[in-house]
Amino acid sequence: VTVLGFAGLGTMGRPMATNLVRAGTPLVVWNRTPKELPGAEVAAGAAELFRRADTVLLMLRDAAAVGAVLDAVDVAGRTVVQMGTIAPEESRAVEARVRAAGGRYVEAPVSGSRVPAERGELVAMLAGDAAAVADVRPLLAPMCATTVVCGAVPGALLLKLAVNVFLITLVTGLAESFHFAEAHGLDLEQFADVLDAGQMASPISRVKVRKLVSDDFAVQAAIDDVLRNAELVLGAGGTLPLLEASRDLLAETVALGHGGEDMAAVVRALRARG
Ligand SMILES: NC(=O)c1ccc[n+]([C@@H]2O[C@H](COP(=O)([O-])OP(=O)(O)OC[C@H]3O[C@@H](n4cnc5c(N)ncnc54)[C@H](OP(=O)(O)O)[C@@H]3O)[C@@H](O)[C@H]2O)c1
């Protein structure tokens with residue numbers, strides 16, 4: 001029986017690991033700040049996690065966190081599955097490092113936030129050595145509605161960033177649309193009803209428009225993290241005028257002190273511009 005390791009029980013990692021346990025996967029977990037997970041064994045440190053598991057999933061904040069974990073472990077004979085959103089170039093460097101140390105590397109970023117993670121409905125994109133990808137893909141099934149194979153590293157992260165261009169400009173565009181309605185004194189409930197009834201309605205527009213109407217910026221995806229994602233896209237290069245404008249508005253929202261709020265709070269930057 002393959003023992004799976006899981007590092008990073010944060011907003012995303014905890015529900016993801018919980019779905020693995022529910023599916024009956026033998027799981028060993030580790031979090032930098034010690035945390036338990038019902039149904040899973042807990043490793044005392046990252047090194048122990050890699051000793052006990054032959055495949056280890058990483059759901060960590062960023063590339064610095066991935067580097068810190070890899071500094072502490074021996075990956076020889078292990079398969080490292082990096083599921084966080086990091087820069088394509090950073091992922092390439094992690095792949096080279098893992099291979100040089102005798103391990104296999106798969107990048108498997110996911111699309112979908114906390115609620116899809118809880119429901120096991122993430123979309124995972126996988127890239128790396130074909131044999132390793134084929135081994136890892138079925139292991140991700142309890143966490144995902146869909147898994148898509150994207151060739152060599154960093155094909156999966158580039159696809160994830162392409163999807164993020166749409167997500168970020170979509171929500172920023174919705175906030176701009178809402179702000180236009182607000183600034184012209186329209187009935188905002190009616191604005192939301194018309195959007196919900198029309199062809200642009202989507203699960204994300206329905207949720208975000210209600211947050212805008214009720215001025216509820218309780219976090220689903222934090223502005224800070226969305227801004228980091230926008231910077232990752234811009235760092236990868238491309239013709240991105242809408243994303244650049246969105247990035248500026250996200251950065252202004254952070255500067256106004258609202259980086260911990262939901263991405264819908266980007267409307268605050270529009271209000272501040274007056
Ligand atoms: N949230 C979303 O909607 C979403 C959706 C898709 C993809 N993602 C991506 O998925 C990744 C995780 O997101 P999240 O929302 O779960 O983040 P999070 O709640 O901030 O969790 C981050 C995790 O990384 C760990 N970590 C941070 N620095 C570390 C270090 N130096 N060494 C070891 N562990 C470290 C944290 O451990 P501690 O508990 O000790 O701090 C925590 O377990 C990110 O790359 C994010 O961009 C997020």
# chains A, B, ... in the order shown; residues from 1 in each chain; ligands from 1

call {"tool": "residues_around", "arguments": {"residues": "A:Val171", "least_positions_apart": "2", "cutoff": "8 Å", "atoms": "only C-alpha atoms", "output": "JSON, numbers by chain"}}
result
{"A": [167, 168, 169, 173, 174, 175, 205, 208, 263, 264]}

call {"tool": "residues_near_ligand", "arguments": {"ligand": "ligand 1", "cutoff": "6 Å", "atoms": "only C-alpha atoms and all ligand atoms", "output": "list in words"}}
result
Gly8, Leu9, Gly10, Thr11, Met12, Gly13, Asn31, Arg32, Thr33, Met59, Leu60, Arg61, Asp62, Ala65, Ala68, Val69, Gly84, Thr85, Val110, Ser111, Gly112, Ser113, Arg114 and Ala221 of chain A

call {"tool": "closest_atom_pairs", "arguments": {"of": "stretch 177-235 of chain A", "to": "stretch 147-166 of chain A", "cutoff": "9 Å", "atoms": "only C-alpha atoms", "output": "Markdown table"}}
result
| residue | atom | partner | partner_atom | distance |
| --- | --- | --- | --- | --- |
| A:Val226 | CA | A:Asn164 | CA | 8.9 |
| A:Asn229 | CA | A:Asn164 | CA | 7.4 |
| A:Ala230 | CA | A:Val165 | CA | 7.5 |
| A:Leu232 | CA | A:Leu161 | CA | 7.6 |
| A:Val233 | CA | A:Leu161 | CA | 5.7 |

call {"tool": "write_last_selection", "arguments": {"atoms": "N, CA and C atoms", "output": "compact mmCIF listing (two decimals), in the first residue's frame"}}
result
# COMPACT_ATOMS: atom_id res chain seq x y z
N VAL A 226 -4.61 37.11 -4.10
CA VAL A 226 -4.99 37.38 -5.49
C VAL A 226 -3.94 38.31 -6.13
N ASN A 229 -1.00 36.31 -6.97
CA ASN A 229 -1.27 35.55 -8.20
C ASN A 229 -1.17 36.42 -9.44
N ALA A 230 -1.68 37.67 -9.35
CA ALA A 230 -1.58 38.59 -10.50
C ALA A 230 -0.11 38.86 -10.82
N LEU A 232 2.38 36.88 -10.23
CA LEU A 232 2.96 35.67 -10.84
C LEU A 232 2.66 35.65 -12.34
N VAL A 233 1.43 36.00 -12.71
CA VAL A 233 1.06 36.02 -14.13
C VAL A 233 1.91 37.06 -14.87

call {"tool": "select_by_dssp", "arguments": {"residues": "stretch 62-108 of chain A", "states": "helix (DSSP H, G or I)", "output": "list in words"}}
result
Ala63, Ala64, Ala65, Val66, Gly67, Ala68, Val69, Leu70, Asp71, Pro88, Glu89, Glu90, Ser91, Arg92, Ala93, Val94, Glu95, Ala96, Arg97, Val98, Arg99 and Ala100 of chain A

call {"tool": "residues_around", "arguments": {"residues": "A:Lys211", "least_positions_apart": "5", "cutoff": "12 Å", "atoms": "only C-alpha atoms", "output": "tab-separated table (two decimals) with all heavy atoms, in the first residue's frame"}}
result
chain	number	residue	atom	x	y	z
A	171	VAL	N	-13.48	39.13	-11.80
A	171	VAL	CA	-13.97	39.66	-10.53
A	171	VAL	C	-13.71	41.17	-10.45
A	171	VAL	O	-14.56	41.92	-9.95
A	171	VAL	CB	-13.37	38.90	-9.34
A	171	VAL	CG1	-13.80	39.52	-8.02
A	171	VAL	CG2	-13.80	37.43	-9.38
A	174	LEU	N	-16.34	42.73	-12.57
A	174	LEU	CA	-17.64	42.71	-11.89
A	174	LEU	C	-17.70	43.85	-10.87
A	174	LEU	O	-18.72	44.54	-10.76
A	174	LEU	CB	-17.84	41.36	-11.20
A	174	LEU	CG	-19.12	41.20	-10.39
A	174	LEU	CD1	-20.36	41.30	-11.29
A	174	LEU	CD2	-19.13	39.86	-9.65
A	175	ALA	N	-16.60	44.06	-10.14
A	175	ALA	CA	-16.55	45.14	-9.16
A	175	ALA	C	-16.71	46.50	-9.86
A	175	ALA	O	-17.39	47.40	-9.37
A	175	ALA	CB	-15.25	45.10	-8.37
A	178	PHE	N	-20.34	46.84	-10.83
A	178	PHE	CA	-21.10	47.17	-9.62
A	178	PHE	C	-20.89	48.63	-9.23
A	178	PHE	O	-21.83	49.35	-8.90
A	178	PHE	CB	-20.67	46.24	-8.47
A	178	PHE	CG	-21.28	46.62	-7.16
A	178	PHE	CD1	-22.55	46.18	-6.82
A	178	PHE	CD2	-20.57	47.40	-6.26
A	178	PHE	CE1	-23.12	46.54	-5.61
A	178	PHE	CE2	-21.14	47.76	-5.05
A	178	PHE	CZ	-22.42	47.33	-4.72
A	188	LEU	N	-29.39	48.33	-6.47
A	188	LEU	CA	-28.31	47.34	-6.56
A	188	LEU	C	-28.84	45.90	-6.48
A	188	LEU	O	-28.24	44.99	-7.07
A	188	LEU	CB	-27.27	47.60	-5.46
A	188	LEU	CG	-26.60	48.99	-5.62
A	188	LEU	CD1	-25.67	49.27	-4.44
A	188	LEU	CD2	-25.83	49.09	-6.93
A	189	GLU	N	-29.95	45.70	-5.80
A	189	GLU	CA	-30.59	44.37	-5.81
A	189	GLU	C	-31.03	44.03	-7.24
A	189	GLU	O	-30.87	42.90	-7.70
A	189	GLU	CB	-31.82	44.36	-4.89
A	189	GLU	CG	-31.50	44.42	-3.40
A	189	GLU	CD	-30.87	43.13	-2.88
A	189	GLU	OE1	-30.96	42.09	-3.55
A	189	GLU	OE2	-30.26	43.19	-1.79
A	192	ALA	N	-28.08	43.09	-9.33
A	192	ALA	CA	-27.66	41.70	-9.08
A	192	ALA	C	-28.63	40.71	-9.72
A	192	ALA	O	-28.19	39.71	-10.32
A	192	ALA	CB	-27.56	41.46	-7.57
A	204	ILE	N	-19.19	31.95	-9.77
A	204	ILE	CA	-18.39	32.99	-9.11
A	204	ILE	C	-19.09	34.34	-9.16
A	204	ILE	O	-19.09	35.09	-8.19
A	204	ILE	CB	-16.95	33.03	-9.64
A	204	ILE	CG1	-16.08	33.92	-8.77
A	204	ILE	CG2	-16.86	33.51	-11.06
A	204	ILE	CD1	-14.78	33.32	-8.43
A	205	SER	N	-19.74	34.69	-10.28
A	205	SER	CA	-20.40	35.99	-10.35
A	205	SER	C	-21.56	36.05	-9.36
A	205	SER	O	-21.79	37.07	-8.72
A	205	SER	CB	-20.89	36.29	-11.77
A	205	SER	OG	-22.09	35.60	-12.08
A	206	ARG	N	-22.29	34.94	-9.20
A	206	ARG	CA	-23.42	34.93	-8.27
A	206	ARG	C	-22.96	35.18	-6.84
A	206	ARG	O	-23.60	35.92	-6.09
A	206	ARG	CB	-24.14	33.58	-8.31
A	206	ARG	CG	-24.92	33.33	-9.59
A	206	ARG	CD	-25.56	31.93	-9.54
A	206	ARG	NE	-25.86	31.45	-10.87
A	206	ARG	CZ	-26.95	31.79	-11.55
A	206	ARG	NH1	-27.83	32.61	-11.02
A	206	ARG	NH2	-27.15	31.32	-12.77
A	216	ASP	N	-20.18	42.70	2.04
A	216	ASP	CA	-19.66	41.61	2.88
A	216	ASP	C	-18.35	41.13	2.26
A	216	ASP	O	-18.35	40.42	1.26
A	216	ASP	CB	-20.69	40.47	2.93
A	216	ASP	CG	-20.07	39.13	3.30
A	216	ASP	OD1	-19.02	39.14	3.99
A	216	ASP	OD2	-20.63	38.10	2.91
A	217	PHE	N	-17.25	41.55	2.86
A	217	PHE	CA	-15.96	41.18	2.28
A	217	PHE	C	-15.24	40.12	3.13
A	217	PHE	O	-14.02	40.03	3.13
A	217	PHE	CB	-15.11	42.43	2.05
A	217	PHE	CG	-15.78	43.39	1.09
A	217	PHE	CD1	-15.96	44.72	1.42
A	217	PHE	CD2	-16.27	42.94	-0.14
A	217	PHE	CE1	-16.60	45.60	0.54
A	217	PHE	CE2	-16.92	43.80	-1.02
A	217	PHE	CZ	-17.09	45.12	-0.68
A	218	ALA	N	-16.03	39.32	3.84
A	218	ALA	CA	-15.47	38.14	4.53
A	218	ALA	C	-14.73	37.31	3.48
A	218	ALA	O	-15.20	37.11	2.37
A	218	ALA	CB	-16.58	37.34	5.19
A	219	VAL	N	-13.55	36.81	3.90
A	219	VAL	CA	-12.62	36.30	2.89
A	219	VAL	C	-13.00	34.91	2.36
A	219	VAL	O	-13.33	34.00	3.10
A	219	VAL	CB	-11.18	36.31	3.46
A	219	VAL	CG1	-11.02	35.31	4.58
A	219	VAL	CG2	-10.17	36.11	2.37
A	220	GLN	N	-13.00	34.80	1.04
A	220	GLN	CA	-13.01	33.51	0.35
A	220	GLN	C	-11.65	33.34	-0.34
A	220	GLN	O	-10.99	32.34	-0.18
A	220	GLN	CB	-14.17	33.45	-0.65
A	220	GLN	CG	-15.53	33.42	0.08
A	220	GLN	CD	-16.72	33.63	-0.83
A	220	GLN	OE1	-16.59	34.20	-1.91
A	220	GLN	NE2	-17.87	33.17	-0.40
A	261	GLU	N	-9.09	41.13	3.10
A	261	GLU	CA	-10.49	40.94	2.73
A	261	GLU	C	-10.62	40.14	1.44
A	261	GLU	O	-9.64	39.92	0.72
A	261	GLU	CB	-11.18	42.30	2.56
A	261	GLU	CG	-11.29	43.05	3.88
A	261	GLU	CD	-12.05	44.37	3.76
A	261	GLU	OE1	-12.32	44.82	2.62
A	261	GLU	OE2	-12.34	44.95	4.81
A	262	ASP	N	-11.85	39.77	1.14
A	262	ASP	CA	-12.10	39.02	-0.09
A	262	ASP	C	-11.81	39.86	-1.33
A	262	ASP	O	-11.91	41.10	-1.31
A	262	ASP	CB	-13.56	38.55	-0.14
A	262	ASP	CG	-13.80	37.64	-1.32
A	262	ASP	OD1	-13.30	36.50	-1.28
A	262	ASP	OD2	-14.42	38.07	-2.32
A	263	MET	N	-11.52	39.19	-2.44
A	263	MET	CA	-11.15	39.89	-3.68
A	263	MET	C	-12.25	40.86	-4.15
A	263	MET	O	-11.94	41.84	-4.83
A	263	MET	CB	-10.77	38.91	-4.78
A	263	MET	CG	-11.87	38.01	-5.27
A	263	MET	SD	-11.25	36.62	-6.29
A	263	MET	CE	-10.52	37.45	-7.69
A	264	ALA	N	-13.50	40.61	-3.77
A	264	ALA	CA	-14.58	41.53	-4.16
A	264	ALA	C	-14.34	42.93	-3.57
A	264	ALA	O	-14.84	43.93	-4.11
A	264	ALA	CB	-15.93	40.99	-3.70
A	265	ALA	N	-13.54	43.01	-2.51
A	265	ALA	CA	-13.25	44.30	-1.88
A	265	ALA	C	-12.42	45.21	-2.78
A	265	ALA	O	-12.18	46.37	-2.44
A	265	ALA	CB	-12.53	44.08	-0.55
A	266	VAL	N	-12.01	44.72	-3.94
A	266	VAL	CA	-11.31	45.57	-4.91
A	266	VAL	C	-12.18	46.77	-5.28
A	266	VAL	O	-11.66	47.81	-5.72
A	266	VAL	CB	-10.87	44.73	-6.16
A	266	VAL	CG1	-12.06	44.35	-7.04
A	266	VAL	CG2	-9.80	45.47	-6.95
A	267	VAL	N	-13.48	46.68	-5.06
A	267	VAL	CA	-14.37	47.83	-5.31
A	267	VAL	C	-13.95	49.03	-4.46
A	267	VAL	O	-14.19	50.18	-4.84
A	267	VAL	CB	-15.85	47.44	-5.05
A	267	VAL	CG1	-16.15	47.28	-3.56
A	267	VAL	CG2	-16.80	48.46	-5.68

call {"tool": "residues_around", "arguments": {"residues": "A:Arg137", "least_positions_apart": "2", "cutoff": "10 Å", "atoms": "only C-alpha atoms", "output": "list in words"}}
result
Val106, Ala108, Ala124, Met125, Leu126, Ala132, Val133, Ala134, Asp135, Leu139, Leu140, Ala141, Thr147, Val148 and Val149 of chain A

call {"tool": "select_by_dssp", "arguments": {"residues": "stretch 46-75 of chain A", "states": "strand (DSSP E or B)", "output": "short mmCIF file (atom, residue, chain, number, x, y, z; two decimals) with C-alpha atoms, in the first residue's frame"}}
result
data_model
loop_
_atom_site.label_atom_id
_atom_site.label_comp_id
_atom_site.auth_asym_id
_atom_site.auth_seq_id
_atom_site.Cartn_x
_atom_site.Cartn_y
_atom_site.Cartn_z
CA THR A 55 4.81 10.21 -2.38
CA VAL A 56 4.45 13.59 -0.67
CA LEU A 57 1.95 16.29 -1.62
CA LEU A 58 2.98 19.87 -0.81
#

call {"tool": "atom_distance", "arguments": {"atom1": "atom CA of A:Gly120", "atom2": "atom CA of A:Arg14"}}
result
11.7 Å

call {"tool": "residues_around", "arguments": {"residues": "A:Pro26", "least_positions_apart": "6", "cutoff": "9 Å", "atoms": "only C-alpha atoms", "output": "VMD selection string"}}
result
chain A and resid 1 to 5 20 39 to 41

call {"tool": "write_last_selection", "arguments": {"atoms": "C-alpha atoms", "output": "CSV table (one decimal), in the first residue's frame"}}
result
chain,number,residue,atom,x,y,z
A,1,VAL,CA,0.0,0.0,0.0
A,2,THR,CA,1.3,3.4,-1.0
A,3,VAL,CA,1.6,5.7,2.0
A,4,LEU,CA,0.8,9.3,1.0
A,5,GLY,CA,2.4,12.2,2.8
A,20,LEU,CA,-8.0,11.9,1.2
A,39,GLY,CA,-7.8,9.9,10.6
A,40,ALA,CA,-4.2,10.7,9.6
A,41,GLU,CA,-0.9,10.0,11.4

call {"tool": "residues_around", "arguments": {"residues": "A:Val94", "least_positions_apart": "4", "cutoff": "10 Å", "atoms": "only C-alpha atoms", "output": "PyMOL selection string"}}
result
chain A and resi 63+66-67+70+80+82+88-90+98-100+105-107

call {"tool": "atom_distance", "arguments": {"atom1": "atom CA of A:Gly259", "atom2": "atom CA of A:Ile223"}}
result
4.9 Å

call {"tool": "atom_distance", "arguments": {"atom1": "atom CA of A:Arg78", "atom2": "atom CA of A:Arg104"}}
result
6.3 Å

call {"tool": "closest_residue", "arguments": {"among": "A:Val73, A:Thr25, A:Ile86, A:Leu227", "to": "A:Ala251", "atoms": "only C-alpha atoms"}}
result
A:Leu227
